[in-house]
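Next up, work.cif (mmCIF, N, CA and C atoms):
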data_structure
loop_
_atom_site.label_atom_id
_atom_site.label_comp_id
_atom_site.auth_asym_id
_atom_site.auth_seq_id
_atom_site.Cartn_x
_atom_site.Cartn_y
_atom_site.Cartn_z
N MET A 30 9.34 32.63 -19.43
CA MET A 30 8.93 31.27 -19.20
C MET A 30 8.54 31.09 -17.74
N ILE A 31 7.40 30.51 -17.53
CA ILE A 31 6.97 30.15 -16.19
C ILE A 31 7.15 28.64 -16.10
N GLU A 32 8.06 28.22 -15.25
CA GLU A 32 8.38 26.79 -15.14
C GLU A 32 7.81 26.21 -13.86
N LYS A 33 7.67 24.91 -13.86
CA LYS A 33 7.21 24.15 -12.70
C LYS A 33 5.80 24.51 -12.28
N ALA A 34 4.92 24.79 -13.26
CA ALA A 34 3.50 24.96 -12.98
C ALA A 34 2.92 23.56 -12.93
N ILE A 35 2.65 23.06 -11.75
CA ILE A 35 2.28 21.65 -11.57
C ILE A 35 0.77 21.48 -11.53
N ASN A 36 0.30 20.54 -12.34
CA ASN A 36 -1.10 20.13 -12.31
C ASN A 36 -1.20 19.00 -11.30
N LEU A 37 -1.85 19.25 -10.16
CA LEU A 37 -1.90 18.26 -9.08
C LEU A 37 -2.76 17.06 -9.44
N LYS A 38 -3.73 17.21 -10.31
CA LYS A 38 -4.58 16.08 -10.70
C LYS A 38 -3.82 15.09 -11.58
N LEU A 39 -3.04 15.61 -12.51
CA LEU A 39 -2.30 14.74 -13.43
C LEU A 39 -0.87 14.49 -12.97
N MET A 40 -0.44 15.21 -11.95
CA MET A 40 0.92 15.11 -11.40
C MET A 40 1.99 15.28 -12.48
N CYS A 41 1.81 16.31 -13.27
CA CYS A 41 2.83 16.66 -14.26
C CYS A 41 3.05 18.16 -14.20
N ASP A 42 4.20 18.60 -14.64
CA ASP A 42 4.48 20.03 -14.61
C ASP A 42 4.51 20.59 -16.02
N TYR A 43 4.30 21.89 -16.11
CA TYR A 43 4.23 22.59 -17.38
C TYR A 43 5.23 23.73 -17.39
N VAL A 44 5.63 24.10 -18.59
CA VAL A 44 6.40 25.31 -18.79
C VAL A 44 5.51 26.21 -19.64
N VAL A 45 5.18 27.38 -19.10
CA VAL A 45 4.26 28.28 -19.76
C VAL A 45 5.03 29.49 -20.28
N SER A 46 4.78 29.87 -21.51
CA SER A 46 5.42 31.04 -22.09
C SER A 46 4.48 32.22 -21.97
N CYS A 47 5.01 33.32 -21.45
CA CYS A 47 4.17 34.50 -21.22
C CYS A 47 5.06 35.74 -21.37
N SER A 48 4.54 36.77 -22.01
CA SER A 48 5.34 37.98 -22.18
C SER A 48 5.36 38.80 -20.89
N TYR A 49 6.31 39.69 -20.80
CA TYR A 49 6.43 40.57 -19.64
C TYR A 49 5.15 41.39 -19.47
N LEU A 50 4.64 41.94 -20.57
CA LEU A 50 3.43 42.76 -20.52
C LEU A 50 2.24 41.94 -20.02
N ASP A 51 2.14 40.69 -20.45
CA ASP A 51 1.04 39.83 -19.98
C ASP A 51 1.10 39.65 -18.46
N ILE A 52 2.28 39.46 -17.94
CA ILE A 52 2.44 39.28 -16.50
C ILE A 52 2.11 40.58 -15.77
N VAL A 53 2.54 41.71 -16.32
CA VAL A 53 2.22 43.01 -15.72
C VAL A 53 0.70 43.20 -15.69
N LEU A 54 0.03 42.83 -16.77
CA LEU A 54 -1.43 42.95 -16.80
C LEU A 54 -2.09 42.05 -15.77
N MET A 55 -1.55 40.85 -15.58
CA MET A 55 -2.10 39.95 -14.57
C MET A 55 -1.93 40.53 -13.17
N ILE A 56 -0.77 41.10 -12.91
CA ILE A 56 -0.51 41.72 -11.60
C ILE A 56 -1.49 42.87 -11.37
N CYS A 57 -1.66 43.71 -12.37
CA CYS A 57 -2.58 44.85 -12.26
C CYS A 57 -4.02 44.38 -12.06
N MET A 58 -4.41 43.34 -12.79
CA MET A 58 -5.77 42.83 -12.62
C MET A 58 -5.99 42.27 -11.22
N LEU A 59 -5.02 41.56 -10.71
CA LEU A 59 -5.15 41.01 -9.36
C LEU A 59 -5.25 42.12 -8.32
N ARG A 60 -4.37 43.11 -8.42
CA ARG A 60 -4.37 44.20 -7.45
C ARG A 60 -5.65 45.04 -7.55
N ASP A 61 -6.09 45.31 -8.78
CA ASP A 61 -7.32 46.08 -8.96
C ASP A 61 -8.54 45.29 -8.49
N TYR A 62 -8.53 43.98 -8.73
CA TYR A 62 -9.62 43.12 -8.27
C TYR A 62 -9.72 43.15 -6.75
N VAL A 63 -8.59 43.05 -6.09
CA VAL A 63 -8.59 43.09 -4.62
C VAL A 63 -9.15 44.42 -4.13
N GLN A 64 -8.73 45.51 -4.75
CA GLN A 64 -9.21 46.83 -4.36
C GLN A 64 -10.71 46.96 -4.58
N MET A 65 -11.20 46.45 -5.71
CA MET A 65 -12.62 46.53 -6.02
C MET A 65 -13.45 45.69 -5.03
N VAL A 66 -13.01 44.47 -4.76
CA VAL A 66 -13.75 43.61 -3.86
C VAL A 66 -13.68 44.14 -2.43
N ASP A 67 -12.58 44.77 -2.05
CA ASP A 67 -12.50 45.39 -0.72
C ASP A 67 -13.63 46.39 -0.51
N GLU A 68 -13.95 47.15 -1.54
CA GLU A 68 -15.02 48.14 -1.44
C GLU A 68 -16.39 47.48 -1.33
N ILE A 69 -16.57 46.37 -2.04
CA ILE A 69 -17.86 45.70 -2.07
C ILE A 69 -18.08 44.82 -0.84
N ARG A 70 -17.05 44.09 -0.44
CA ARG A 70 -17.19 43.10 0.62
C ARG A 70 -16.35 43.45 1.85
N ALA A 71 -16.48 44.64 2.31
CA ALA A 71 -15.70 45.09 3.47
C ALA A 71 -16.02 44.27 4.73
N ASP A 72 -17.24 43.78 4.83
CA ASP A 72 -17.65 43.04 6.03
C ASP A 72 -17.61 41.52 5.86
N ASP A 73 -17.14 41.02 4.72
CA ASP A 73 -17.08 39.58 4.46
C ASP A 73 -15.82 38.99 5.11
N ILE A 74 -16.00 38.20 6.14
CA ILE A 74 -14.88 37.64 6.89
C ILE A 74 -14.07 36.67 6.05
N GLN A 75 -14.74 35.85 5.27
CA GLN A 75 -14.03 34.87 4.44
C GLN A 75 -13.13 35.57 3.42
N TRP A 76 -13.65 36.63 2.79
CA TRP A 76 -12.83 37.40 1.85
C TRP A 76 -11.63 38.00 2.56
N SER A 77 -11.88 38.66 3.69
CA SER A 77 -10.81 39.35 4.41
C SER A 77 -9.77 38.39 4.98
N ALA A 78 -10.22 37.26 5.48
CA ALA A 78 -9.31 36.34 6.16
C ALA A 78 -8.57 35.41 5.20
N TYR A 79 -9.15 35.10 4.05
CA TYR A 79 -8.52 34.08 3.22
C TYR A 79 -8.22 34.56 1.79
N TYR A 80 -9.26 34.87 1.04
CA TYR A 80 -9.08 35.12 -0.39
C TYR A 80 -8.27 36.38 -0.68
N ARG A 81 -8.50 37.43 0.06
CA ARG A 81 -7.76 38.68 -0.16
C ARG A 81 -6.26 38.44 -0.09
N ASP A 82 -5.85 37.75 0.93
CA ASP A 82 -4.43 37.45 1.13
C ASP A 82 -3.87 36.57 0.00
N LYS A 83 -4.66 35.61 -0.45
CA LYS A 83 -4.23 34.71 -1.54
C LYS A 83 -3.95 35.51 -2.81
N PHE A 84 -4.88 36.39 -3.18
CA PHE A 84 -4.71 37.18 -4.40
C PHE A 84 -3.53 38.13 -4.28
N LEU A 85 -3.37 38.77 -3.14
CA LEU A 85 -2.25 39.70 -2.96
C LEU A 85 -0.91 38.97 -2.98
N LYS A 86 -0.84 37.79 -2.36
CA LYS A 86 0.41 37.02 -2.39
C LYS A 86 0.76 36.60 -3.81
N MET A 87 -0.26 36.22 -4.58
CA MET A 87 -0.02 35.83 -5.97
C MET A 87 0.53 37.02 -6.76
N ALA A 88 -0.09 38.18 -6.60
CA ALA A 88 0.37 39.37 -7.30
C ALA A 88 1.78 39.76 -6.85
N ASP A 89 2.05 39.69 -5.55
CA ASP A 89 3.38 40.02 -5.04
C ASP A 89 4.44 39.05 -5.52
N ARG A 90 4.09 37.78 -5.58
CA ARG A 90 5.04 36.77 -6.04
C ARG A 90 5.42 37.01 -7.51
N LEU A 91 4.41 37.31 -8.34
CA LEU A 91 4.69 37.62 -9.74
C LEU A 91 5.50 38.91 -9.86
N SER A 92 5.14 39.91 -9.07
CA SER A 92 5.85 41.20 -9.11
C SER A 92 7.32 41.04 -8.77
N GLU A 93 7.58 40.27 -7.75
CA GLU A 93 8.97 40.02 -7.34
C GLU A 93 9.78 39.36 -8.44
N GLN A 94 9.17 38.39 -9.09
CA GLN A 94 9.89 37.62 -10.10
C GLN A 94 10.26 38.44 -11.33
N ILE A 95 9.43 39.42 -11.67
CA ILE A 95 9.74 40.25 -12.84
C ILE A 95 10.23 41.64 -12.45
N GLU A 96 10.42 41.86 -11.14
CA GLU A 96 10.90 43.13 -10.61
C GLU A 96 10.01 44.30 -11.03
N TYR A 97 8.71 44.14 -10.81
CA TYR A 97 7.72 45.15 -11.16
C TYR A 97 7.13 45.72 -9.88
N ASN A 98 7.05 47.05 -9.80
CA ASN A 98 6.50 47.71 -8.63
C ASN A 98 5.16 48.34 -9.02
N TYR A 99 4.09 47.69 -8.64
CA TYR A 99 2.74 48.14 -9.00
C TYR A 99 2.45 49.53 -8.46
N ASP A 100 2.77 49.77 -7.21
CA ASP A 100 2.47 51.05 -6.57
C ASP A 100 3.19 52.21 -7.25
N ALA A 101 4.46 52.01 -7.58
CA ALA A 101 5.23 53.07 -8.25
C ALA A 101 4.68 53.31 -9.66
N ALA A 102 4.33 52.24 -10.36
CA ALA A 102 3.77 52.39 -11.71
C ALA A 102 2.43 53.11 -11.66
N LYS A 103 1.62 52.81 -10.66
CA LYS A 103 0.32 53.47 -10.52
C LYS A 103 0.50 54.96 -10.24
N GLU A 104 1.46 55.30 -9.38
CA GLU A 104 1.72 56.71 -9.08
C GLU A 104 2.17 57.46 -10.34
N ARG A 105 3.06 56.84 -11.13
CA ARG A 105 3.51 57.48 -12.38
C ARG A 105 2.34 57.69 -13.33
N CYS A 106 1.48 56.69 -13.41
CA CYS A 106 0.32 56.77 -14.30
C CYS A 106 -0.62 57.89 -13.87
N LEU A 107 -0.90 57.98 -12.57
CA LEU A 107 -1.79 59.02 -12.06
C LEU A 107 -1.19 60.41 -12.27
N ALA A 108 0.12 60.55 -12.06
CA ALA A 108 0.78 61.83 -12.26
C ALA A 108 0.72 62.24 -13.74
N LYS A 109 0.94 61.28 -14.62
CA LYS A 109 0.89 61.56 -16.06
C LYS A 109 -0.52 61.97 -16.47
N ARG A 110 -1.53 61.26 -15.95
CA ARG A 110 -2.92 61.59 -16.28
C ARG A 110 -3.28 62.99 -15.79
N GLN A 111 -2.84 63.34 -14.58
CA GLN A 111 -3.13 64.66 -14.03
C GLN A 111 -2.46 65.74 -14.87
N LYS A 112 -1.22 65.48 -15.30
CA LYS A 112 -0.49 66.43 -16.13
C LYS A 112 -1.21 66.64 -17.47
N GLU A 113 -1.70 65.55 -18.06
CA GLU A 113 -2.41 65.65 -19.34
C GLU A 113 -3.72 66.41 -19.17
N GLU A 114 -4.43 66.17 -18.06
CA GLU A 114 -5.68 66.88 -17.82
C GLU A 114 -5.43 68.37 -17.62
N THR A 115 -4.36 68.71 -16.92
CA THR A 115 -4.01 70.11 -16.70
C THR A 115 -3.69 70.78 -18.04
N ALA A 116 -2.92 70.08 -18.87
CA ALA A 116 -2.57 70.62 -20.18
C ALA A 116 -3.83 70.78 -21.03
N ARG A 117 -4.74 69.83 -20.95
CA ARG A 117 -5.99 69.89 -21.70
C ARG A 117 -6.83 71.07 -21.23
N ASP A 118 -6.88 71.29 -19.92
CA ASP A 118 -7.64 72.41 -19.38
C ASP A 118 -7.08 73.74 -19.87
N ILE A 119 -5.76 73.86 -19.88
CA ILE A 119 -5.12 75.09 -20.37
C ILE A 119 -5.43 75.28 -21.84
N GLY A 120 -5.39 74.20 -22.60
CA GLY A 120 -5.72 74.27 -24.03
C GLY A 120 -7.15 74.69 -24.25
N GLU A 121 -8.06 74.17 -23.44
CA GLU A 121 -9.47 74.56 -23.56
C GLU A 121 -9.65 76.03 -23.23
N ASP A 122 -8.97 76.50 -22.19
CA ASP A 122 -9.06 77.91 -21.82
C ASP A 122 -8.55 78.81 -22.95
N ALA A 123 -7.44 78.41 -23.55
CA ALA A 123 -6.88 79.19 -24.65
C ALA A 123 -7.84 79.22 -25.83
N MET A 124 -8.45 78.08 -26.12
CA MET A 124 -9.39 78.02 -27.23
C MET A 124 -10.61 78.90 -26.95
N THR A 125 -11.11 78.86 -25.74
CA THR A 125 -12.26 79.68 -25.35
C THR A 125 -11.94 81.16 -25.50
N LEU A 126 -10.76 81.57 -25.03
CA LEU A 126 -10.37 82.97 -25.16
C LEU A 126 -10.21 83.38 -26.62
N ALA A 127 -9.63 82.49 -27.43
CA ALA A 127 -9.45 82.80 -28.85
C ALA A 127 -10.79 83.00 -29.54
N VAL A 128 -11.74 82.13 -29.24
CA VAL A 128 -13.07 82.25 -29.84
C VAL A 128 -13.75 83.53 -29.35
N LYS A 129 -13.63 83.79 -28.05
CA LYS A 129 -14.28 84.97 -27.46
C LYS A 129 -13.74 86.26 -28.10
N TYR A 130 -12.41 86.38 -28.17
CA TYR A 130 -11.82 87.58 -28.73
C TYR A 130 -11.98 87.63 -30.24
N GLY A 131 -12.04 86.48 -30.86
CA GLY A 131 -12.26 86.44 -32.32
C GLY A 131 -13.62 86.99 -32.67
N LYS A 132 -14.65 86.63 -31.89
CA LYS A 132 -16.00 87.13 -32.12
C LYS A 132 -16.04 88.65 -31.91
N GLY A 133 -15.40 89.12 -30.87
CA GLY A 133 -15.38 90.55 -30.58
C GLY A 133 -14.71 91.34 -31.69
N LYS A 134 -13.64 90.81 -32.22
CA LYS A 134 -12.90 91.48 -33.28
C LYS A 134 -13.74 91.55 -34.55
N LYS A 135 -14.42 90.44 -34.86
CA LYS A 135 -15.28 90.43 -36.05
C LYS A 135 -16.43 91.42 -35.89
N GLN A 136 -16.97 91.53 -34.69
CA GLN A 136 -18.07 92.45 -34.44
C GLN A 136 -17.60 93.90 -34.63
N LYS A 137 -16.40 94.20 -34.13
CA LYS A 137 -15.87 95.55 -34.28
C LYS A 137 -15.66 95.88 -35.76
N GLU A 138 -15.12 94.89 -36.51
CA GLU A 138 -14.90 95.11 -37.94
C GLU A 138 -16.22 95.36 -38.65
N LYS A 139 -17.26 94.63 -38.26
CA LYS A 139 -18.57 94.81 -38.87
C LYS A 139 -19.12 96.20 -38.56
N GLU A 140 -18.96 96.63 -37.31
CA GLU A 140 -19.43 97.95 -36.92
C GLU A 140 -18.71 99.04 -37.70
N ILE A 141 -17.41 98.86 -37.90
CA ILE A 141 -16.62 99.84 -38.66
C ILE A 141 -17.12 99.89 -40.09
N ARG A 142 -17.32 98.72 -40.70
CA ARG A 142 -17.83 98.67 -42.07
C ARG A 142 -19.21 99.30 -42.17
N ASP A 143 -20.10 99.00 -41.21
CA ASP A 143 -21.44 99.58 -41.20
C ASP A 143 -21.38 101.10 -41.07
N GLY A 144 -20.46 101.57 -40.24
CA GLY A 144 -20.29 103.02 -40.06
C GLY A 144 -19.80 103.70 -41.33
N GLU A 145 -18.89 103.06 -42.05
CA GLU A 145 -18.39 103.62 -43.31
C GLU A 145 -19.47 103.65 -44.36
N ILE A 146 -20.30 102.61 -44.38
CA ILE A 146 -21.39 102.57 -45.37
C ILE A 146 -22.39 103.68 -45.07
N ASN A 147 -22.69 103.89 -43.78
CA ASN A 147 -23.62 104.95 -43.41
C ASN A 147 -23.05 106.34 -43.75
N LYS A 148 -21.74 106.51 -43.63
CA LYS A 148 -21.13 107.80 -43.95
C LYS A 148 -21.21 108.06 -45.44
N GLN A 149 -21.10 107.03 -46.25
CA GLN A 149 -21.12 107.19 -47.69
C GLN A 149 -22.52 107.55 -48.19
N ARG A 150 -23.52 107.19 -47.46
CA ARG A 150 -24.90 107.47 -47.89
C ARG A 150 -25.22 108.87 -47.66
#
Once you've parsed the file, please lay out its structure as structure tokens.
Amino acid sequence: MIEKAINLKLMCDYVVSCSYLDIVLMICMLRDYVQMVDEIRADDIQWSAYYRDKFLKMADRLSEQIEYNYDAAKERCLAKRQKEETARDIGEDAMTLAVKYGKGKKQKEKEIRDGEINKQR
């Protein structure tokens, strides 16, 4: 529950229901958005001086409230992805070797059969 979300125009407050995963996604979107805009608008003074800080504070405030560490989660995700890619590469190498040696074995068997047929003639 997100409580005390105040609408300044109507001067009333709201209680908003949101799942943990939804809040995590919001935090990730805010942090990723800041990173993306940093790359695009590196020389924009208004972005650097005002908006960047606003978005980061919002993400940090939400992170604190649900005890979520974006940086640690990102590191775990990157490590997991790298591990999966390494495993996939090893699997691809094994498959390539199996196909390579399988073809060679079939060729040898064919040559042996051809040799036996020639001997019988």
message = I need the output of the PyMOL selection byres (((chain A and resi 44 and name CA) around 12) and name CA) for this file as a list in words; which residues are they?
response = Met30, Ile31, Glu32, Lys33, Ala34, Ile35, Asn36, Cys41, Asp42, Tyr43, Val45, Ser46 and Cys47 of chain A
Gap from CA of Leu91 in chain A to CA of Ile56 in chain A - Å, one decimal =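 We find that CA of Leu91 in chain A and CA of Ile56 in chain A lie 6.9 Å from each other.
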query = Do you have the atom C of Lys103 in chain A-atom C of Gln64 in chain A distance handy?
reply =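 A separation of 14.9 Å between them.
One distance worth recording is that between CA of Tyr97 in chain A and CA of Leu54 in chain A, which is 11.0 Å.
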